[in-house]
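Participant: Just so it is clear, I am handing over query_22.json, which has JSON, C-alpha atoms.
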```json
[["chain", "number", "residue", "atom", "x", "y", "z"],
["B", 18, "MET", "CA", 17.21, 3.43, -16.29],
["B", 19, "PRO", "CA", 15.03, 5.63, -18.50],
["B", 20, "ALA", "CA", 11.74, 6.26, -16.72],
["B", 21, "HIS", "CA", 9.83, 5.25, -19.83],
["B", 22, "SER", "CA", 11.45, 1.85, -20.33],
["B", 23, "TYR", "CA", 8.64, -0.27, -18.86],
["B", 24, "VAL", "CA", 5.65, 1.87, -19.80],
["B", 25, "GLY", "CA", 4.37, 0.01, -22.85],
["B", 26, "TRP", "CA", 4.70, -3.35, -21.14],
["B", 27, "MET", "CA", 2.97, -2.23, -17.92],
["B", 28, "VAL", "CA", 0.18, -0.06, -19.26],
["B", 29, "SER", "CA", -2.58, -2.65, -18.78],
["B", 30, "PHE", "CA", -1.77, -2.84, -15.06],
["B", 31, "ALA", "CA", -2.11, 0.86, -14.22],
["B", 32, "PRO", "CA", -4.71, 1.38, -11.47],
["B", 33, "SER", "CA", -7.49, 3.84, -12.08],
["B", 34, "LEU", "CA", -10.60, 4.78, -10.11],
["B", 35, "PRO", "CA", -13.75, 5.39, -12.17],
["B", 36, "LYS", "CA", -14.92, 8.16, -9.83],
["B", 37, "ASP", "CA", -14.03, 9.97, -6.64],
["B", 38, "PHE", "CA", -13.18, 7.58, -3.79],
["B", 39, "SER", "CA", -15.56, 9.33, -1.39],
["B", 40, "GLN", "CA", -18.45, 8.54, -3.73],
["B", 41, "LEU", "CA", -17.71, 4.82, -4.02],
["B", 42, "SER", "CA", -20.01, 2.43, -2.19],
["B", 43, "LEU", "CA", -18.51, -0.59, -0.45],
["B", 44, "ALA", "CA", -20.01, -2.85, -3.13],
["B", 45, "GLU", "CA", -18.42, -0.77, -5.90],
["B", 46, "ALA", "CA", -15.08, -0.84, -4.12],
["B", 47, "ALA", "CA", -15.34, -4.62, -3.73],
["B", 48, "GLU", "CA", -15.98, -4.97, -7.48],
["B", 49, "LEU", "CA", -12.89, -2.90, -8.24],
["B", 50, "LEU", "CA", -10.81, -5.01, -5.86],
["B", 51, "ALA", "CA", -12.04, -8.23, -7.49],
["B", 52, "ALA", "CA", -11.20, -6.92, -10.96],
["B", 53, "ARG", "CA", -7.73, -5.67, -10.00],
["B", 54, "LYS", "CA", -4.90, -7.44, -11.78],
["B", 55, "LEU", "CA", -1.22, -7.06, -10.99],
["B", 56, "PRO", "CA", 1.90, -8.48, -12.65],
["B", 57, "PRO", "CA", 3.09, -11.72, -10.99],
["B", 58, "VAL", "CA", 6.28, -10.11, -9.68],
["B", 59, "GLU", "CA", 6.78, -12.69, -6.92],
["B", 60, "SER", "CA", 7.40, -15.36, -9.56],
["B", 61, "TRP", "CA", 9.95, -13.36, -11.57],
["B", 62, "HIS", "CA", 13.65, -13.97, -10.90],
["B", 63, "PRO", "CA", 15.61, -12.44, -13.79],
["B", 64, "GLU", "CA", 19.38, -12.83, -13.98],
["B", 65, "ARG", "CA", 20.00, -9.23, -15.05],
["B", 66, "THR", "CA", 20.18, -6.86, -12.07],
["B", 67, "GLY", "CA", 21.17, -3.26, -11.46],
["B", 68, "ASP", "CA", 20.24, 0.06, -9.90],
["B", 69, "SER", "CA", 17.23, 2.03, -11.08],
["B", 70, "ALA", "CA", 18.58, 5.40, -9.83],
["B", 71, "MET", "CA", 15.09, 5.87, -8.41],
["B", 72, "GLU", "CA", 13.93, 6.77, -4.91],
["B", 73, "ILE", "CA", 10.61, 6.88, -3.05],
["B", 74, "ARG", "CA", 10.79, 9.52, -0.34],
["B", 75, "ALA", "CA", 8.95, 9.49, 2.98],
["B", 76, "ASP", "CA", 6.23, 11.82, 1.68],
["B", 77, "GLY", "CA", 5.43, 9.35, -1.13],
["B", 78, "SER", "CA", 7.09, 11.35, -3.91],
["B", 79, "TRP", "CA", 9.13, 9.45, -6.52],
["B", 80, "TYR", "CA", 12.46, 10.62, -7.92],
["B", 81, "HIS", "CA", 14.65, 9.49, -10.80],
["B", 82, "GLU", "CA", 18.28, 10.61, -10.94],
["B", 83, "GLY", "CA", 17.47, 13.37, -8.44],
["B", 84, "GLY", "CA", 14.53, 14.79, -10.37],
["B", 85, "ARG", "CA", 10.97, 14.37, -9.17],
["B", 86, "ILE", "CA", 8.63, 12.26, -11.31],
["B", 87, "ASN", "CA", 5.67, 14.60, -11.66],
["B", 88, "ARG", "CA", 3.41, 12.38, -13.76],
["B", 89, "PRO", "CA", 1.03, 10.43, -11.47],
["B", 90, "ALA", "CA", 0.38, 7.91, -14.25],
["B", 91, "MET", "CA", 4.08, 7.08, -14.41],
["B", 92, "VAL", "CA", 4.27, 6.56, -10.64],
["B", 93, "LYS", "CA", 1.22, 4.29, -10.77],
["B", 94, "LEU", "CA", 2.81, 2.22, -13.51],
["B", 95, "PHE", "CA", 6.08, 1.72, -11.65],
["B", 96, "SER", "CA", 4.24, 0.91, -8.42],
["B", 97, "THR", "CA", 2.77, -2.21, -10.02],
["B", 98, "ILE", "CA", 6.19, -3.86, -10.39],
["B", 99, "LEU", "CA", 7.51, -3.09, -6.92],
["B", 100, "ARG", "CA", 8.67, -5.98, -4.77],
["B", 101, "ARG", "CA", 10.30, -6.22, -1.38],
["B", 102, "GLU", "CA", 13.14, -8.70, -1.07],
["B", 103, "ALA", "CA", 13.90, -11.01, 1.86],
["B", 104, "ASP", "CA", 16.69, -8.68, 3.01],
["B", 105, "GLY", "CA", 14.22, -5.76, 3.23],
["B", 106, "SER", "CA", 15.40, -4.00, 0.08],
["B", 107, "HIS", "CA", 12.97, -2.90, -2.63],
["B", 108, "VAL", "CA", 13.22, -3.61, -6.34],
["B", 109, "LEU", "CA", 11.44, -2.92, -9.61],
["B", 110, "VAL", "CA", 11.17, -6.25, -11.37],
["B", 111, "THR", "CA", 10.09, -7.57, -14.78],
["B", 112, "PRO", "CA", 10.80, -10.92, -16.42],
["B", 113, "ALA", "CA", 13.88, -9.32, -18.00],
["B", 114, "GLU", "CA", 15.58, -7.44, -15.15],
["B", 115, "LYS", "CA", 15.52, -6.50, -11.47],
["B", 116, "LEU", "CA", 16.57, -3.00, -10.41],
["B", 117, "VAL", "CA", 17.05, -1.73, -6.87],
["B", 118, "ILE", "CA", 14.96, 1.28, -5.82],
["B", 119, "ALA", "CA", 15.63, 3.25, -2.63],
["B", 120, "VAL", "CA", 12.66, 3.61, -0.25],
["B", 121, "GLU", "CA", 13.04, 6.12, 2.57],
["B", 122, "ASP", "CA", 10.06, 4.93, 4.65],
["B", 123, "THR", "CA", 7.27, 2.91, 3.02],
["B", 124, "PRO", "CA", 6.60, 2.75, -0.73],
["B", 125, "PHE", "CA", 2.93, 3.67, -0.33],
["B", 126, "ARG", "CA", 0.78, 6.01, 1.74],
["B", 127, "ALA", "CA", -2.81, 5.38, 2.79],
["B", 128, "VAL", "CA", -4.47, 8.74, 2.19],
["B", 129, "GLU", "CA", -8.24, 8.07, 2.37],
["B", 130, "MET", "CA", -10.42, 5.58, 4.20],
["B", 131, "LYS", "CA", -13.98, 4.34, 3.97],
["B", 132, "SER", "CA", -15.59, 2.54, 6.92],
["B", 133, "GLU", "CA", -18.85, 0.59, 6.79],
["B", 134, "GLY", "CA", -20.41, -1.48, 9.54],
["B", 135, "ALA", "CA", -19.49, -1.58, 13.22],
["B", 136, "GLY", "CA", -17.46, -3.78, 15.52],
["B", 137, "ALA", "CA", -16.65, -7.20, 14.14],
["B", 138, "THR", "CA", -18.74, -6.54, 11.00],
["B", 139, "ARG", "CA", -16.80, -3.42, 10.00],
["B", 140, "LYS", "CA", -14.97, -3.23, 6.69],
["B", 141, "LEU", "CA", -12.24, -0.63, 6.16],
["B", 142, "ILE", "CA", -11.15, 0.18, 2.63],
["B", 143, "PHE", "CA", -8.14, 2.41, 2.11],
["B", 144, "ARG", "CA", -7.12, 4.40, -0.95],
["B", 145, "LEU", "CA", -3.39, 4.60, -1.46],
["B", 146, "ASP", "CA", -1.54, 7.50, -3.03],
["B", 147, "THR", "CA", -1.33, 5.38, -6.21],
["B", 148, "ASP", "CA", -5.17, 5.01, -6.29],
["B", 149, "ASP", "CA", -4.95, 1.34, -5.33],
["B", 150, "LEU", "CA", -7.74, 0.16, -3.02],
["B", 151, "ILE", "CA", -6.92, -2.13, -0.09],
["B", 152, "LEU", "CA", -9.49, -3.88, 2.13],
["B", 153, "ALA", "CA", -7.88, -4.27, 5.55],
["B", 154, "GLY", "CA", -8.21, -7.77, 6.98],
["B", 155, "ALA", "CA", -6.28, -10.96, 7.58],
["B", 156, "ASP", "CA", -4.62, -10.74, 4.14],
["B", 157, "HIS", "CA", -3.94, -7.01, 4.54],
["B", 158, "PRO", "CA", -3.33, -6.48, 8.25],
["B", 159, "LEU", "CA", -3.06, -3.19, 10.07],
["B", 160, "SER", "CA", -0.20, -2.62, 12.52],
["B", 161, "PHE", "CA", 0.45, 0.24, 14.92],
["B", 162, "GLY", "CA", 3.80, -0.44, 16.56],
["B", 163, "ARG", "CA", 4.57, -1.39, 20.15],
["B", 164, "ASP", "CA", 4.89, 2.10, 21.64],
["B", 165, "PRO", "CA", 1.51, 3.78, 22.35],
["B", 166, "ASP", "CA", 3.23, 7.14, 22.72],
["B", 167, "HIS", "CA", 4.79, 6.89, 19.26],
["B", 168, "PRO", "CA", 2.35, 4.98, 17.03],
["B", 169, "ASP", "CA", 3.65, 3.55, 13.76],
["B", 170, "PRO", "CA", 0.44, 2.94, 11.75],
["B", 171, "ARG", "CA", 0.90, 0.80, 8.65],
["B", 172, "LEU", "CA", -1.18, -1.26, 6.22],
["B", 173, "HIS", "CA", 0.16, -4.37, 4.51],
["B", 174, "VAL", "CA", -0.33, -3.97, 0.77],
["B", 175, "ARG", "CA", 1.13, -7.07, -0.85],
["B", 176, "GLY", "CA", 3.93, -9.61, -0.65],
["B", 177, "ALA", "CA", 4.87, -11.65, 2.41],
["B", 178, "ILE", "CA", 3.17, -10.43, 5.57],
["B", 179, "GLY", "CA", 5.87, -9.08, 7.85],
["B", 180, "ASN", "CA", 8.28, -8.42, 4.99],
["B", 181, "GLY", "CA", 6.12, -7.15, 2.16],
["B", 182, "LEU", "CA", 5.13, -3.80, 0.71],
["B", 183, "GLU", "CA", 3.48, -1.49, 3.22],
["B", 184, "ALA", "CA", 1.60, 1.79, 3.25],
["B", 185, "ARG", "CA", 2.12, 4.43, 5.88],
["B", 186, "ILE", "CA", -1.30, 5.42, 7.27],
["B", 187, "ASP", "CA", -1.63, 9.20, 7.32],
["B", 188, "ARG", "CA", -1.89, 10.73, 10.79],
["B", 189, "ALA", "CA", -5.45, 12.00, 10.29],
["B", 190, "LEU", "CA", -6.59, 8.49, 9.35],
["B", 191, "TYR", "CA", -4.80, 7.03, 12.37],
["B", 192, "TYR", "CA", -6.68, 9.40, 14.68],
["B", 193, "GLU", "CA", -9.93, 8.42, 12.99],
["B", 194, "LEU", "CA", -9.15, 4.73, 13.55],
["B", 195, "ALA", "CA", -8.20, 5.40, 17.18],
["B", 196, "ASP", "CA", -11.44, 7.33, 17.79],
["B", 197, "ILE", "CA", -13.49, 4.42, 16.40],
["B", 198, "ALA", "CA", -11.64, 1.86, 18.52],
["B", 199, "LEU", "CA", -11.86, 3.93, 21.71],
["B", 200, "ALA", "CA", -15.58, 4.59, 21.19],
["B", 201, "GLU", "CA", -16.28, 0.87, 20.88],
["B", 202, "GLY", "CA", -14.17, -0.02, 23.92],
["B", 203, "GLY", "CA", -12.94, -3.54, 24.41],
["B", 204, "ASP", "CA", -9.80, -5.03, 25.91],
["B", 205, "PRO", "CA", -7.45, -4.63, 24.22],
["B", 206, "ILE", "CA", -8.49, -1.46, 22.41],
["B", 207, "ALA", "CA", -8.64, -2.60, 18.80],
["B", 208, "ILE", "CA", -10.11, -1.94, 15.38],
["B", 209, "TRP", "CA", -11.94, -4.57, 13.33],
["B", 210, "SER", "CA", -11.97, -4.97, 9.55],
["B", 211, "ASN", "CA", -13.25, -7.81, 7.38],
["B", 212, "GLY", "CA", -13.43, -10.24, 10.29],
["B", 213, "ALA", "CA", -9.96, -9.53, 11.70],
["B", 214, "GLN", "CA", -9.11, -7.57, 14.86],
["B", 215, "PHE", "CA", -6.07, -5.30, 15.12],
["B", 216, "PRO", "CA", -4.97, -3.94, 18.54],
["B", 217, "LEU", "CA", -3.89, -0.30, 18.56],
["B", 218, "VAL", "CA", -0.68, -1.42, 20.27],
["B", 219, "ASP", "CA", 1.02, -4.44, 18.70],
["B", 220, "ARG", "CA", 1.62, -7.31, 21.08]]
```
As structure tokens, how would this structure be written, given the file I've shared?
Facilitator:
Amino acid sequence: MPAHSYVGWMVSFAPSLPKDFSQLSLAEAAELLAARKLPPVESWHPERTGDSAMEIRADGSWYHEGGRINRPAMVKLFSTILRREADGSHVLVTPAEKLVIAVEDTPFRAVEMKSEGAGATRKLIFRLDTDDLILAGADHPLSFGRDPDHPDPRLHVRGAIGNGLEARIDRALYYELADIALAEGGDPIAIWSNGAQFPLVDR
């Protein structure tokens, strides 16, 4: 599949931050979240299928036919039509066709975080490597795995919870979350965001 084949059709869906994430207030981030529009990929079930010859590696880099896609704008565009299937596979989907894409770990990485409030009133907003913003909460839960010695920190991005698209939370952010949770105490040790509580060890 030529890497440019969807670009004209998808261009209105490309995410873009108006300024540096660290300078965004929570209110500004909430406005961006409310204005965000994505293609309705969950409702598309085209008959034509195939293989995209694309891969998302564990470090978040995208490849097409073995060559790295070095244009961030292109990666952002393709990320808007990602979907995870019931069997756990990932696809790029439009109304016309559905193409398998290999994903080594998770399709996204959470690379920055903003925290406002404390305890049950806290709100955590994450910036993904595609510049998408995600407010952690009941609709976008955090999970940390069942083994406290080998944490597996993830953020649900979209799709069905439990079998949707996820972001790997970078290690530095995980330690920041753990420090917040440990400082606030509680049993179990957990982090709050947008009215939802997430234990640091999944039950």
Participant: For Arg185 (chain B), which of B:Ser132, B:Ser60, B:Ser160, B:Ser96 is the closest residue, counting all atoms listed in the file?
Facilitator: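 Using all atoms listed in the file, the shortest distance to Arg185 (chain B) belongs to B:Ser160.
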Participant: So what do you get for CA of His62 (chain B) versus CA of Lys93 (chain B), distance-wise?
Facilitator: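 Straight-line distance from CA of His62 (chain B) to CA of Lys93 (chain B) works out to 22.1 Å.
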Participant: From the list B:Thr97, B:Ser106, B:Ser210, B:Ser78, which residue is nearest Pro57 (chain B) when using only C-alpha atoms?
Facilitator: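 Comparing B:Thr97, B:Ser106, B:Ser210, B:Ser78 against Pro57 (chain B), the winner is B:Thr97.
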Participant: Select, counting all atoms listed in the file, all protein, DNA and RNA residues no farther than 8 Å from (-10.2, -4.3, 6.7) in file coordinates, and express the selection as a short mmCIF file (atom, residue, chain, number, x, y, z; two decimals) with C-alpha atoms, in the coordinates of the input.
Facilitator:
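Final output, result01.cif:
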```cif
data_model
loop_
_atom_site.label_atom_id
_atom_site.label_comp_id
_atom_site.auth_asym_id
_atom_site.auth_seq_id
_atom_site.Cartn_x
_atom_site.Cartn_y
_atom_site.Cartn_z
CA ARG B 139 -16.80 -3.42 10.00
CA LYS B 140 -14.97 -3.23 6.69
CA LEU B 141 -12.24 -0.63 6.16
CA ILE B 142 -11.15 0.18 2.63
CA ILE B 151 -6.92 -2.13 -0.09
CA LEU B 152 -9.49 -3.88 2.13
CA ALA B 153 -7.88 -4.27 5.55
CA GLY B 154 -8.21 -7.77 6.98
CA ALA B 155 -6.28 -10.96 7.58
CA HIS B 157 -3.94 -7.01 4.54
CA PRO B 158 -3.33 -6.48 8.25
CA LEU B 159 -3.06 -3.19 10.07
CA TRP B 209 -11.94 -4.57 13.33
CA SER B 210 -11.97 -4.97 9.55
CA ASN B 211 -13.25 -7.81 7.38
CA GLY B 212 -13.43 -10.24 10.29
CA ALA B 213 -9.96 -9.53 11.70
#
```
Participant: Residues of region 163-220 of chain B that approach region 114-123 of chain B to 8 Å or less, counting all atoms listed in the file: could you list each one with the shortest pair of atoms and its distance in Å to one decimal, rows by chain and increasing residue number, as a Markdown table?
Facilitator:
```
| residue | atom | partner | partner_atom | distance |
| --- | --- | --- | --- | --- |
| B:Leu182 | CA | B:Thr123 | CA | 7.4 |
| B:Glu183 | CA | B:Thr123 | CA | 5.8 |
| B:Ala184 | CA | B:Thr123 | CA | 5.8 |
| B:Arg185 | CA | B:Thr123 | CA | 6.1 |
```
Participant: If I take CA of Ala70 (chain B) and CA of Glu82 (chain B), how far is one from the other in Å, to one decimal?
Facilitator: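 Distance reported for this atom pair: 5.3 Å.
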Participant: When you count all atoms listed in the file, which of these residues is closest to Ile73 (chain B): B:Ala177, B:Val58, B:Ala90, B:Leu99?
Facilitator: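 Residue with the minimum atom-to-atom distance to Ile73 (chain B): B:Leu99.
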Participant: In Å to one decimal, how far is CA of Arg126 (chain B) from CA of Ala207 (chain B)?
Facilitator: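 It comes out at 21.3 Å.
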Participant: Nearest to His107 (chain B) among B:Asp146, B:Phe161, B:Gly176, B:Asp169, with distances taken over only C-alpha atoms: which residue is it?
Facilitator: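 Under the stated criterion, the closest residue is B:Gly176.
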Participant: Quick one: residues within 8 Å of Ile178 (chain B), only C-alpha atoms counted, chain neighbours fewer than 3 positions away excluded, as a PDB file with C-alpha atoms, in the coordinates of the input?
Facilitator:
```
ATOM      1  CA  ASP B 156      -4.620 -10.740   4.140  1.00  0.00           C
ATOM      2  CA  HIS B 157      -3.940  -7.010   4.540  1.00  0.00           C
ATOM      3  CA  HIS B 173       0.160  -4.370   4.510  1.00  0.00           C
ATOM      4  CA  ARG B 175       1.130  -7.070  -0.850  1.00  0.00           C
ATOM      5  CA  GLY B 181       6.120  -7.150   2.160  1.00  0.00           C
TER       6      GLY B 181
END
```
